[in-house]
$ cat model-v4.cif   # mmCIF, N, CA, C and O atoms
data_query
#
loop_
_atom_site.label_atom_id
_atom_site.label_comp_id
_atom_site.auth_asym_id
_atom_site.auth_seq_id
_atom_site.Cartn_x
_atom_site.Cartn_y
_atom_site.Cartn_z
N MET I 30 -36.60 23.89 -59.59
CA MET I 30 -35.68 24.46 -60.54
C MET I 30 -35.47 25.93 -60.18
O MET I 30 -36.40 26.65 -59.91
N LYS I 31 -34.20 26.37 -60.23
CA LYS I 31 -33.89 27.76 -59.93
C LYS I 31 -33.95 28.60 -61.19
O LYS I 31 -33.60 28.14 -62.27
N GLU I 32 -34.40 29.83 -61.02
CA GLU I 32 -34.45 30.77 -62.13
C GLU I 32 -33.10 31.46 -62.26
O GLU I 32 -32.39 31.65 -61.29
N VAL I 33 -32.78 31.86 -63.46
CA VAL I 33 -31.56 32.60 -63.72
C VAL I 33 -31.96 34.05 -63.97
O VAL I 33 -32.79 34.32 -64.84
N GLY I 34 -31.37 34.95 -63.22
CA GLY I 34 -31.71 36.36 -63.37
C GLY I 34 -31.05 37.01 -64.56
O GLY I 34 -31.64 37.87 -65.22
N ALA I 35 -29.82 36.61 -64.84
CA ALA I 35 -29.08 37.23 -65.94
C ALA I 35 -27.98 36.28 -66.42
O ALA I 35 -27.56 35.40 -65.68
N VAL I 36 -27.57 36.51 -67.66
CA VAL I 36 -26.52 35.69 -68.27
C VAL I 36 -25.51 36.62 -68.92
O VAL I 36 -25.87 37.56 -69.61
N LEU I 37 -24.22 36.33 -68.69
CA LEU I 37 -23.14 37.06 -69.34
C LEU I 37 -22.50 36.17 -70.38
O LEU I 37 -22.08 35.05 -70.08
N VAL I 38 -22.43 36.67 -71.60
CA VAL I 38 -21.70 36.01 -72.68
C VAL I 38 -20.49 36.91 -72.94
O VAL I 38 -20.64 38.10 -73.20
N SER I 39 -19.31 36.33 -72.83
CA SER I 39 -18.10 37.12 -72.94
C SER I 39 -17.07 36.41 -73.79
O SER I 39 -17.09 35.18 -73.91
N GLY I 40 -16.19 37.18 -74.38
CA GLY I 40 -15.13 36.60 -75.18
C GLY I 40 -14.07 37.64 -75.50
O GLY I 40 -14.13 38.78 -75.05
N CYS I 41 -13.12 37.23 -76.30
CA CYS I 41 -12.03 38.12 -76.74
C CYS I 41 -12.61 39.28 -77.55
O CYS I 41 -13.67 39.17 -78.14
N HIS I 42 -11.85 40.35 -77.58
CA HIS I 42 -12.24 41.49 -78.42
C HIS I 42 -12.22 41.07 -79.89
O HIS I 42 -11.33 40.32 -80.31
N PRO I 43 -13.17 41.56 -80.68
CA PRO I 43 -13.14 41.26 -82.12
C PRO I 43 -11.79 41.65 -82.73
O PRO I 43 -11.24 42.71 -82.43
N GLY I 44 -11.26 40.76 -83.53
CA GLY I 44 -9.96 40.99 -84.15
C GLY I 44 -8.79 40.48 -83.32
O GLY I 44 -7.68 40.35 -83.82
N ASP I 45 -9.03 40.21 -82.03
CA ASP I 45 -7.97 39.71 -81.15
C ASP I 45 -8.17 38.25 -80.77
O ASP I 45 -7.50 37.74 -79.88
N CYS I 46 -9.08 37.58 -81.44
CA CYS I 46 -9.41 36.20 -81.08
C CYS I 46 -8.78 35.24 -82.09
O CYS I 46 -8.88 35.45 -83.29
N HIS I 47 -8.15 34.18 -81.60
CA HIS I 47 -7.55 33.22 -82.52
C HIS I 47 -8.58 32.23 -83.07
O HIS I 47 -8.23 31.37 -83.85
N TYR I 48 -9.82 32.38 -82.67
CA TYR I 48 -10.90 31.54 -83.20
C TYR I 48 -11.58 32.25 -84.37
O TYR I 48 -12.80 32.39 -84.41
N ASN I 49 -10.79 32.76 -85.29
CA ASN I 49 -11.20 33.43 -86.52
C ASN I 49 -12.50 34.22 -86.42
O ASN I 49 -12.49 35.40 -86.16
N SER I 50 -13.64 33.59 -86.64
CA SER I 50 -14.91 34.32 -86.70
C SER I 50 -15.81 34.03 -85.50
O SER I 50 -17.01 34.26 -85.57
N ALA I 51 -15.25 33.56 -84.42
CA ALA I 51 -16.07 33.21 -83.25
C ALA I 51 -16.82 34.42 -82.71
O ALA I 51 -17.97 34.31 -82.29
N ASN I 52 -16.17 35.61 -82.73
CA ASN I 52 -16.82 36.81 -82.22
C ASN I 52 -18.07 37.15 -83.03
O ASN I 52 -19.11 37.47 -82.46
N GLN I 53 -17.94 37.09 -84.35
CA GLN I 53 -19.08 37.42 -85.20
C GLN I 53 -20.21 36.41 -85.01
O GLN I 53 -21.38 36.79 -84.95
N ASN I 54 -19.87 35.14 -84.91
CA ASN I 54 -20.90 34.11 -84.69
C ASN I 54 -21.59 34.32 -83.35
O ASN I 54 -22.82 34.22 -83.25
N THR I 55 -20.82 34.63 -82.33
CA THR I 55 -21.39 34.86 -81.00
C THR I 55 -22.31 36.08 -81.01
O THR I 55 -23.42 36.03 -80.47
N ALA I 56 -21.87 37.15 -81.64
CA ALA I 56 -22.69 38.36 -81.70
C ALA I 56 -24.01 38.10 -82.42
O ALA I 56 -25.07 38.56 -81.98
N ARG I 57 -23.97 37.33 -83.50
CA ARG I 57 -25.21 37.00 -84.23
C ARG I 57 -26.15 36.17 -83.36
O ARG I 57 -27.36 36.40 -83.35
N ARG I 58 -25.60 35.22 -82.65
CA ARG I 58 -26.44 34.38 -81.78
C ARG I 58 -27.08 35.19 -80.68
O ARG I 58 -28.27 35.02 -80.37
N VAL I 59 -26.31 36.07 -80.06
CA VAL I 59 -26.85 36.90 -78.99
C VAL I 59 -27.94 37.83 -79.54
O VAL I 59 -28.98 38.01 -78.91
N GLU I 60 -27.71 38.40 -80.72
CA GLU I 60 -28.74 39.25 -81.35
C GLU I 60 -30.05 38.47 -81.54
O GLU I 60 -31.13 38.99 -81.28
N LYS I 61 -29.94 37.22 -81.99
CA LYS I 61 -31.14 36.38 -82.16
C LYS I 61 -31.84 36.16 -80.83
O LYS I 61 -33.07 36.22 -80.74
N PHE I 62 -31.06 35.91 -79.77
CA PHE I 62 -31.66 35.71 -78.45
C PHE I 62 -32.33 36.99 -77.97
O PHE I 62 -33.42 36.94 -77.38
N TRP I 63 -31.69 38.15 -78.20
CA TRP I 63 -32.31 39.42 -77.79
C TRP I 63 -33.65 39.62 -78.47
O TRP I 63 -34.62 40.01 -77.83
N LYS I 64 -33.72 39.33 -79.76
CA LYS I 64 -34.99 39.47 -80.49
C LYS I 64 -36.05 38.52 -79.94
O LYS I 64 -37.21 38.89 -79.76
N ARG I 65 -35.63 37.30 -79.66
CA ARG I 65 -36.57 36.32 -79.11
C ARG I 65 -37.04 36.75 -77.72
O ARG I 65 -38.22 36.62 -77.39
N MET I 66 -36.13 37.25 -76.91
CA MET I 66 -36.50 37.71 -75.58
C MET I 66 -37.52 38.84 -75.66
O MET I 66 -38.49 38.86 -74.89
N GLU I 67 -37.31 39.77 -76.58
CA GLU I 67 -38.26 40.87 -76.75
C GLU I 67 -39.63 40.36 -77.14
O GLU I 67 -40.65 40.82 -76.62
N ARG I 68 -39.67 39.38 -78.06
CA ARG I 68 -40.96 38.80 -78.47
C ARG I 68 -41.67 38.15 -77.29
O ARG I 68 -42.89 38.17 -77.22
N LEU I 69 -40.89 37.58 -76.37
CA LEU I 69 -41.47 36.89 -75.22
C LEU I 69 -41.75 37.84 -74.04
O LEU I 69 -42.24 37.43 -73.01
N GLY I 70 -41.39 39.11 -74.21
CA GLY I 70 -41.63 40.08 -73.15
C GLY I 70 -40.59 40.03 -72.04
O GLY I 70 -40.84 40.47 -70.93
N ILE I 71 -39.41 39.50 -72.34
CA ILE I 71 -38.33 39.41 -71.37
C ILE I 71 -37.35 40.54 -71.65
O ILE I 71 -36.94 40.77 -72.79
N ASN I 72 -36.98 41.26 -70.61
CA ASN I 72 -36.04 42.36 -70.75
C ASN I 72 -34.71 41.85 -71.30
O ASN I 72 -34.04 41.05 -70.66
N LYS I 73 -34.32 42.34 -72.48
CA LYS I 73 -33.12 41.82 -73.12
C LYS I 73 -31.85 42.23 -72.38
O LYS I 73 -30.79 41.68 -72.64
N GLU I 74 -31.93 43.15 -71.44
CA GLU I 74 -30.77 43.52 -70.65
C GLU I 74 -30.34 42.39 -69.71
O GLU I 74 -29.25 42.44 -69.14
N ARG I 75 -31.16 41.38 -69.59
CA ARG I 75 -30.80 40.24 -68.75
C ARG I 75 -29.80 39.31 -69.44
O ARG I 75 -29.27 38.41 -68.82
N LEU I 76 -29.54 39.55 -70.71
CA LEU I 76 -28.51 38.83 -71.46
C LEU I 76 -27.48 39.86 -71.90
O LEU I 76 -27.78 40.75 -72.68
N ARG I 77 -26.31 39.76 -71.37
CA ARG I 77 -25.27 40.77 -71.63
C ARG I 77 -24.16 40.16 -72.47
O ARG I 77 -23.72 39.03 -72.23
N LEU I 78 -23.72 40.90 -73.47
CA LEU I 78 -22.60 40.52 -74.32
C LEU I 78 -21.48 41.51 -74.04
O LEU I 78 -21.68 42.73 -74.14
N ALA I 79 -20.30 41.01 -73.66
CA ALA I 79 -19.17 41.89 -73.37
C ALA I 79 -17.89 41.27 -73.89
O ALA I 79 -17.62 40.10 -73.65
N TRP I 80 -17.13 42.08 -74.61
CA TRP I 80 -15.83 41.63 -75.08
C TRP I 80 -14.80 42.06 -74.05
O TRP I 80 -14.56 43.25 -73.84
N ILE I 81 -14.19 41.09 -73.38
CA ILE I 81 -13.26 41.37 -72.28
C ILE I 81 -12.06 40.44 -72.42
O ILE I 81 -12.22 39.22 -72.47
N SER I 82 -10.87 41.03 -72.43
CA SER I 82 -9.67 40.20 -72.51
C SER I 82 -9.26 39.75 -71.11
O SER I 82 -9.72 40.30 -70.10
N ALA I 83 -8.37 38.78 -71.06
CA ALA I 83 -7.90 38.25 -69.78
C ALA I 83 -7.17 39.31 -68.97
O ALA I 83 -7.09 39.22 -67.74
N ALA I 84 -6.65 40.35 -69.62
CA ALA I 84 -5.91 41.41 -68.94
C ALA I 84 -6.81 42.52 -68.40
O ALA I 84 -6.33 43.49 -67.83
N GLU I 85 -8.12 42.40 -68.59
CA GLU I 85 -9.05 43.47 -68.20
C GLU I 85 -9.89 43.09 -66.99
O GLU I 85 -11.12 43.15 -67.02
N GLY I 86 -9.22 42.75 -65.92
CA GLY I 86 -9.94 42.38 -64.70
C GLY I 86 -10.83 43.47 -64.17
O GLY I 86 -11.95 43.22 -63.70
N THR I 87 -10.38 44.71 -64.26
CA THR I 87 -11.18 45.84 -63.79
C THR I 87 -12.46 46.00 -64.61
O THR I 87 -13.54 46.22 -64.06
N HIS I 88 -12.32 45.84 -65.91
CA HIS I 88 -13.50 45.95 -66.79
C HIS I 88 -14.48 44.80 -66.51
O HIS I 88 -15.69 45.02 -66.45
N PHE I 89 -13.96 43.60 -66.31
CA PHE I 89 -14.80 42.45 -65.99
C PHE I 89 -15.58 42.73 -64.70
O PHE I 89 -16.78 42.50 -64.63
N ALA I 90 -14.88 43.23 -63.69
CA ALA I 90 -15.54 43.54 -62.41
C ALA I 90 -16.64 44.58 -62.60
O ALA I 90 -17.71 44.48 -62.00
N GLN I 91 -16.38 45.58 -63.44
CA GLN I 91 -17.38 46.62 -63.71
C GLN I 91 -18.63 46.03 -64.36
O GLN I 91 -19.75 46.36 -63.98
N VAL I 92 -18.44 45.14 -65.33
CA VAL I 92 -19.57 44.49 -66.00
C VAL I 92 -20.39 43.69 -64.99
O VAL I 92 -21.62 43.76 -64.98
N ILE I 93 -19.71 42.95 -64.15
CA ILE I 93 -20.41 42.14 -63.13
C ILE I 93 -21.18 43.04 -62.17
O ILE I 93 -22.34 42.75 -61.82
N GLN I 94 -20.59 44.16 -61.76
CA GLN I 94 -21.28 45.08 -60.86
C GLN I 94 -22.52 45.68 -61.52
O GLN I 94 -23.57 45.82 -60.88
N GLU I 95 -22.42 46.02 -62.80
CA GLU I 95 -23.58 46.54 -63.53
C GLU I 95 -24.68 45.50 -63.61
O GLU I 95 -25.87 45.82 -63.44
N MET I 96 -24.30 44.24 -63.85
CA MET I 96 -25.30 43.18 -63.92
C MET I 96 -25.94 42.96 -62.56
O MET I 96 -27.15 42.73 -62.47
N GLU I 97 -25.15 43.06 -61.50
CA GLU I 97 -25.70 42.89 -60.15
C GLU I 97 -26.74 43.96 -59.84
O GLU I 97 -27.79 43.68 -59.26
N LYS I 98 -26.50 45.19 -60.28
CA LYS I 98 -27.48 46.26 -60.08
C LYS I 98 -28.79 45.93 -60.79
O LYS I 98 -29.87 46.15 -60.26
N GLY I 99 -28.69 45.39 -62.00
CA GLY I 99 -29.88 44.99 -62.74
C GLY I 99 -30.62 43.86 -62.05
O GLY I 99 -31.85 43.84 -62.03
N LEU I 100 -29.88 42.92 -61.47
CA LEU I 100 -30.51 41.81 -60.77
C LEU I 100 -31.29 42.28 -59.55
O LEU I 100 -32.33 41.72 -59.22
N LYS I 101 -30.79 43.29 -58.89
CA LYS I 101 -31.48 43.81 -57.71
C LYS I 101 -32.83 44.42 -58.07
O LYS I 101 -33.71 44.53 -57.23
N LYS I 102 -33.00 44.81 -59.33
CA LYS I 102 -34.27 45.39 -59.79
C LYS I 102 -35.28 44.32 -60.19
O LYS I 102 -36.45 44.62 -60.37
N LEU I 103 -34.83 43.08 -60.35
CA LEU I 103 -35.73 42.00 -60.77
C LEU I 103 -36.75 41.69 -59.68
O LEU I 103 -36.41 41.67 -58.50
N THR I 104 -37.95 41.45 -60.10
CA THR I 104 -39.00 41.07 -59.15
C THR I 104 -39.38 39.61 -59.38
O THR I 104 -39.02 39.01 -60.40
N ARG I 105 -40.10 39.05 -58.47
CA ARG I 105 -40.57 37.67 -58.59
C ARG I 105 -41.42 37.51 -59.85
O ARG I 105 -41.31 36.53 -60.57
N SER I 106 -42.23 38.52 -60.17
CA SER I 106 -43.07 38.42 -61.36
C SER I 106 -42.23 38.42 -62.63
O SER I 106 -42.60 37.77 -63.62
N ASN I 107 -41.10 39.14 -62.66
CA ASN I 107 -40.20 39.10 -63.81
C ASN I 107 -39.70 37.68 -64.05
O ASN I 107 -39.67 37.19 -65.19
N LEU I 108 -39.30 37.02 -62.97
CA LEU I 108 -38.78 35.65 -63.08
C LEU I 108 -39.89 34.67 -63.49
O LEU I 108 -39.66 33.79 -64.30
N GLU I 109 -41.07 34.84 -62.94
CA GLU I 109 -42.19 33.95 -63.29
C GLU I 109 -42.59 34.12 -64.76
O GLU I 109 -42.87 33.16 -65.44
N ARG I 110 -42.55 35.35 -65.26
CA ARG I 110 -42.86 35.61 -66.66
C ARG I 110 -41.82 34.90 -67.55
O ARG I 110 -42.16 34.36 -68.59
N THR I 111 -40.57 34.90 -67.13
CA THR I 111 -39.52 34.23 -67.88
C THR I 111 -39.80 32.73 -67.95
O THR I 111 -39.66 32.11 -69.00
N ARG I 112 -40.21 32.14 -66.87
CA ARG I 112 -40.48 30.72 -66.83
C ARG I 112 -41.62 30.35 -67.78
O ARG I 112 -41.59 29.34 -68.46
N ARG I 113 -42.66 31.20 -67.83
CA ARG I 113 -43.81 30.93 -68.71
C ARG I 113 -43.47 31.14 -70.17
O ARG I 113 -44.04 30.51 -71.05
N GLY I 114 -42.53 32.11 -70.45
CA GLY I 114 -42.18 32.48 -71.81
C GLY I 114 -41.66 31.32 -72.57
O GLY I 114 -41.84 31.05 -73.67
#

$ encode --input "model-v4.cif" --output "structure tokens"
Amino acid sequence: MKEVGAVLVSGCHPGDCHYNSANQNTARRVEKFWKRMERLGINKERLRLAWISAAEGTHFAQVIQEMEKGLKKLTRSNLERTRRG
């Protein structure tokens, strides 16, 4: 099984989504995951929440580049700790 170094959760900007309260529900779920990750000793920066519209390709690329920098800092022990958590 392969380990996942990071996860991006993305969606429309709040107030610009036709799925009424999807943004608020997503933000609450991600907050719960961040708290759980902290309890397990997993760096919560490995789960990123970003509101990006389809017209923001440059912003999307920037988010991906930032996540890639974080992945380069991950060590084998970070990944193994995640698996045990």

$ closest_residue --input "model-v4.cif" --among "I:Val59, I:Ala90, I:Leu108, I:Ile71" --to "I:Glu32" --atoms "only N, CA, C and O atoms"
I:Leu108

$ resolve_selection --input "model-v4.cif" --expression "the PyMOL selection byres ((chain I and resi 35-47) around 6)" --output "PyMOL selection string"
chain I and resi 33-34+48-49+52+74-82

$ atom_distance --input "model-v4.cif" --atom1 "atom CA of I:Gln53" --atom2 "atom O of I:Asn72"
21.2 Å

$ select_by_dssp --input "model-v4.cif" --residues "chain I" --states "strand (DSSP E)" --output "VMD selection string"
chain I and resid 36 to 40 76 to 80

$ atom_distance --input "model-v4.cif" --atom1 "atom O of I:Asn54" --atom2 "atom O of I:Gly99"
25.0 Å

$ atom_distance --input "model-v4.cif" --atom1 "atom CA of I:Asn107" --atom2 "atom CA of I:Arg68"
14.7 Å

$ select_by_dssp --input "model-v4.cif" --residues "chain I" --states "alpha helix (DSSP H)" --output "PyMOL selection string"
chain I and resi 51-69+86-102+105-113

$ decode --input "model-v4.cif" --residues "stretch 52-64 of chain I" --atoms "all heavy atoms" --output "PDB file, in the first residue's frame"
ATOM      1  N   ASN I  52     -19.843  24.543   1.181  1.00  0.00           N
ATOM      2  CA  ASN I  52     -18.586  25.102   1.671  1.00  0.00           C
ATOM      3  C   ASN I  52     -18.493  24.999   3.191  1.00  0.00           C
ATOM      4  O   ASN I  52     -17.459  24.613   3.731  1.00  0.00           O
ATOM      5  CB  ASN I  52     -18.433  26.564   1.254  1.00  0.00           C
ATOM      6  CG  ASN I  52     -18.502  26.742  -0.225  1.00  0.00           C
ATOM      7  OD1 ASN I  52     -19.605  26.876  -0.760  1.00  0.00           O
ATOM      8  ND2 ASN I  52     -17.373  26.739  -0.887  1.00  0.00           N
ATOM      9  N   GLN I  53     -19.586  25.357   3.869  1.00  0.00           N
ATOM     10  CA  GLN I  53     -19.578  25.306   5.329  1.00  0.00           C
ATOM     11  C   GLN I  53     -19.434  23.868   5.817  1.00  0.00           C
ATOM     12  O   GLN I  53     -18.698  23.600   6.774  1.00  0.00           O
ATOM     13  CB  GLN I  53     -20.860  25.928   5.909  1.00  0.00           C
ATOM     14  CG  GLN I  53     -20.985  27.402   5.665  1.00  0.00           C
ATOM     15  CD  GLN I  53     -21.751  27.728   4.390  1.00  0.00           C
ATOM     16  OE1 GLN I  53     -22.237  26.841   3.686  1.00  0.00           O
ATOM     17  NE2 GLN I  53     -21.852  29.001   4.075  1.00  0.00           N
ATOM     18  N   ASN I  54     -20.126  22.936   5.179  1.00  0.00           N
ATOM     19  CA  ASN I  54     -20.014  21.522   5.566  1.00  0.00           C
ATOM     20  C   ASN I  54     -18.590  21.016   5.355  1.00  0.00           C
ATOM     21  O   ASN I  54     -18.042  20.308   6.207  1.00  0.00           O
ATOM     22  CB  ASN I  54     -20.993  20.665   4.767  1.00  0.00           C
ATOM     23  CG  ASN I  54     -22.432  20.957   5.112  1.00  0.00           C
ATOM     24  OD1 ASN I  54     -22.741  21.478   6.174  1.00  0.00           O
ATOM     25  ND2 ASN I  54     -23.328  20.618   4.198  1.00  0.00           N
ATOM     26  N   THR I  55     -18.001  21.378   4.232  1.00  0.00           N
ATOM     27  CA  THR I  55     -16.634  20.945   3.936  1.00  0.00           C
ATOM     28  C   THR I  55     -15.656  21.526   4.952  1.00  0.00           C
ATOM     29  O   THR I  55     -14.790  20.810   5.463  1.00  0.00           O
ATOM     30  CB  THR I  55     -16.237  21.363   2.513  1.00  0.00           C
ATOM     31  OG1 THR I  55     -17.143  20.749   1.589  1.00  0.00           O
ATOM     32  CG2 THR I  55     -14.819  20.959   2.191  1.00  0.00           C
ATOM     33  N   ALA I  56     -15.795  22.799   5.263  1.00  0.00           N
ATOM     34  CA  ALA I  56     -14.898  23.430   6.233  1.00  0.00           C
ATOM     35  C   ALA I  56     -15.006  22.762   7.600  1.00  0.00           C
ATOM     36  O   ALA I  56     -13.992  22.518   8.262  1.00  0.00           O
ATOM     37  CB  ALA I  56     -15.214  24.923   6.336  1.00  0.00           C
ATOM     38  N   ARG I  57     -16.218  22.425   8.017  1.00  0.00           N
ATOM     39  CA  ARG I  57     -16.395  21.741   9.316  1.00  0.00           C
ATOM     40  C   ARG I  57     -15.734  20.365   9.300  1.00  0.00           C
ATOM     41  O   ARG I  57     -15.086  19.972  10.274  1.00  0.00           O
ATOM     42  CB  ARG I  57     -17.884  21.607   9.636  1.00  0.00           C
ATOM     43  CG  ARG I  57     -18.490  22.849  10.253  1.00  0.00           C
ATOM     44  CD  ARG I  57     -19.862  22.569  10.858  1.00  0.00           C
ATOM     45  NE  ARG I  57     -20.832  22.107   9.873  1.00  0.00           N
ATOM     46  CZ  ARG I  57     -21.611  22.906   9.134  1.00  0.00           C
ATOM     47  NH1 ARG I  57     -21.528  24.206   9.275  1.00  0.00           N
ATOM     48  NH2 ARG I  57     -22.469  22.402   8.285  1.00  0.00           N
ATOM     49  N   ARG I  58     -15.894  19.647   8.217  1.00  0.00           N
ATOM     50  CA  ARG I  58     -15.282  18.310   8.131  1.00  0.00           C
ATOM     51  C   ARG I  58     -13.768  18.396   8.167  1.00  0.00           C
ATOM     52  O   ARG I  58     -13.106  17.597   8.844  1.00  0.00           O
ATOM     53  CB  ARG I  58     -15.739  17.602   6.862  1.00  0.00           C
ATOM     54  CG  ARG I  58     -17.166  17.149   6.928  1.00  0.00           C
ATOM     55  CD  ARG I  58     -17.592  16.476   5.647  1.00  0.00           C
ATOM     56  NE  ARG I  58     -18.987  16.074   5.736  1.00  0.00           N
ATOM     57  CZ  ARG I  58     -19.807  16.048   4.715  1.00  0.00           C
ATOM     58  NH1 ARG I  58     -19.381  16.395   3.512  1.00  0.00           N
ATOM     59  NH2 ARG I  58     -21.056  15.671   4.865  1.00  0.00           N
ATOM     60  N   VAL I  59     -13.213  19.341   7.434  1.00  0.00           N
ATOM     61  CA  VAL I  59     -11.760  19.491   7.422  1.00  0.00           C
ATOM     62  C   VAL I  59     -11.253  19.889   8.808  1.00  0.00           C
ATOM     63  O   VAL I  59     -10.235  19.376   9.273  1.00  0.00           O
ATOM     64  CB  VAL I  59     -11.321  20.490   6.329  1.00  0.00           C
ATOM     65  CG1 VAL I  59      -9.845  20.853   6.465  1.00  0.00           C
ATOM     66  CG2 VAL I  59     -11.600  19.913   4.943  1.00  0.00           C
ATOM     67  N   GLU I  60     -11.965  20.780   9.482  1.00  0.00           N
ATOM     68  CA  GLU I  60     -11.587  21.160  10.854  1.00  0.00           C
ATOM     69  C   GLU I  60     -11.546  19.933  11.768  1.00  0.00           C
ATOM     70  O   GLU I  60     -10.628  19.775  12.572  1.00  0.00           O
ATOM     71  CB  GLU I  60     -12.572  22.183  11.432  1.00  0.00           C
ATOM     72  CG  GLU I  60     -12.384  23.586  10.925  1.00  0.00           C
ATOM     73  CD  GLU I  60     -11.161  24.272  11.515  1.00  0.00           C
ATOM     74  OE1 GLU I  60     -10.705  23.878  12.600  1.00  0.00           O
ATOM     75  OE2 GLU I  60     -10.668  25.201  10.863  1.00  0.00           O
ATOM     76  N   LYS I  61     -12.544  19.055  11.639  1.00  0.00           N
ATOM     77  CA  LYS I  61     -12.564  17.822  12.440  1.00  0.00           C
ATOM     78  C   LYS I  61     -11.356  16.952  12.129  1.00  0.00           C
ATOM     79  O   LYS I  61     -10.733  16.385  13.032  1.00  0.00           O
ATOM     80  CB  LYS I  61     -13.858  17.046  12.201  1.00  0.00           C
ATOM     81  CG  LYS I  61     -15.065  17.671  12.826  1.00  0.00           C
ATOM     82  CD  LYS I  61     -16.307  16.837  12.539  1.00  0.00           C
ATOM     83  CE  LYS I  61     -17.560  17.514  13.060  1.00  0.00           C
ATOM     84  NZ  LYS I  61     -18.766  16.722  12.773  1.00  0.00           N
ATOM     85  N   PHE I  62     -11.014  16.843  10.842  1.00  0.00           N
ATOM     86  CA  PHE I  62      -9.851  16.038  10.464  1.00  0.00           C
ATOM     87  C   PHE I  62      -8.575  16.657  11.013  1.00  0.00           C
ATOM     88  O   PHE I  62      -7.682  15.942  11.475  1.00  0.00           O
ATOM     89  CB  PHE I  62      -9.752  15.890   8.941  1.00  0.00           C
ATOM     90  CG  PHE I  62     -10.512  14.715   8.410  1.00  0.00           C
ATOM     91  CD1 PHE I  62     -11.727  14.896   7.775  1.00  0.00           C
ATOM     92  CD2 PHE I  62     -10.014  13.426   8.541  1.00  0.00           C
ATOM     93  CE1 PHE I  62     -12.439  13.822   7.281  1.00  0.00           C
ATOM     94  CE2 PHE I  62     -10.710  12.337   8.047  1.00  0.00           C
ATOM     95  CZ  PHE I  62     -11.927  12.540   7.414  1.00  0.00           C
ATOM     96  N   TRP I  63      -8.455  17.996  10.952  1.00  0.00           N
ATOM     97  CA  TRP I  63      -7.263  18.654  11.499  1.00  0.00           C
ATOM     98  C   TRP I  63      -7.100  18.348  12.974  1.00  0.00           C
ATOM     99  O   TRP I  63      -6.006  18.044  13.436  1.00  0.00           O
ATOM    100  CB  TRP I  63      -7.336  20.156  11.288  1.00  0.00           C
ATOM    101  CG  TRP I  63      -6.976  20.620   9.905  1.00  0.00           C
ATOM    102  CD1 TRP I  63      -6.153  19.991   9.005  1.00  0.00           C
ATOM    103  CD2 TRP I  63      -7.428  21.799   9.266  1.00  0.00           C
ATOM    104  NE1 TRP I  63      -6.078  20.721   7.848  1.00  0.00           N
ATOM    105  CE2 TRP I  63      -6.846  21.843   7.980  1.00  0.00           C
ATOM    106  CE3 TRP I  63      -8.272  22.841   9.652  1.00  0.00           C
ATOM    107  CZ2 TRP I  63      -7.072  22.881   7.091  1.00  0.00           C
ATOM    108  CZ3 TRP I  63      -8.488  23.876   8.763  1.00  0.00           C
ATOM    109  CH2 TRP I  63      -7.897  23.884   7.498  1.00  0.00           C
ATOM    110  N   LYS I  64      -8.190  18.406  13.724  1.00  0.00           N
ATOM    111  CA  LYS I  64      -8.125  18.107  15.166  1.00  0.00           C
ATOM    112  C   LYS I  64      -7.718  16.657  15.398  1.00  0.00           C
ATOM    113  O   LYS I  64      -6.903  16.363  16.274  1.00  0.00           O
ATOM    114  CB  LYS I  64      -9.473  18.406  15.823  1.00  0.00           C
ATOM    115  CG  LYS I  64      -9.765  19.887  15.916  1.00  0.00           C
ATOM    116  CD  LYS I  64     -11.130  20.155  16.482  1.00  0.00           C
ATOM    117  CE  LYS I  64     -11.414  21.658  16.468  1.00  0.00           C
ATOM    118  NZ  LYS I  64     -12.762  21.977  16.892  1.00  0.00           N
TER     119      LYS I  64
END
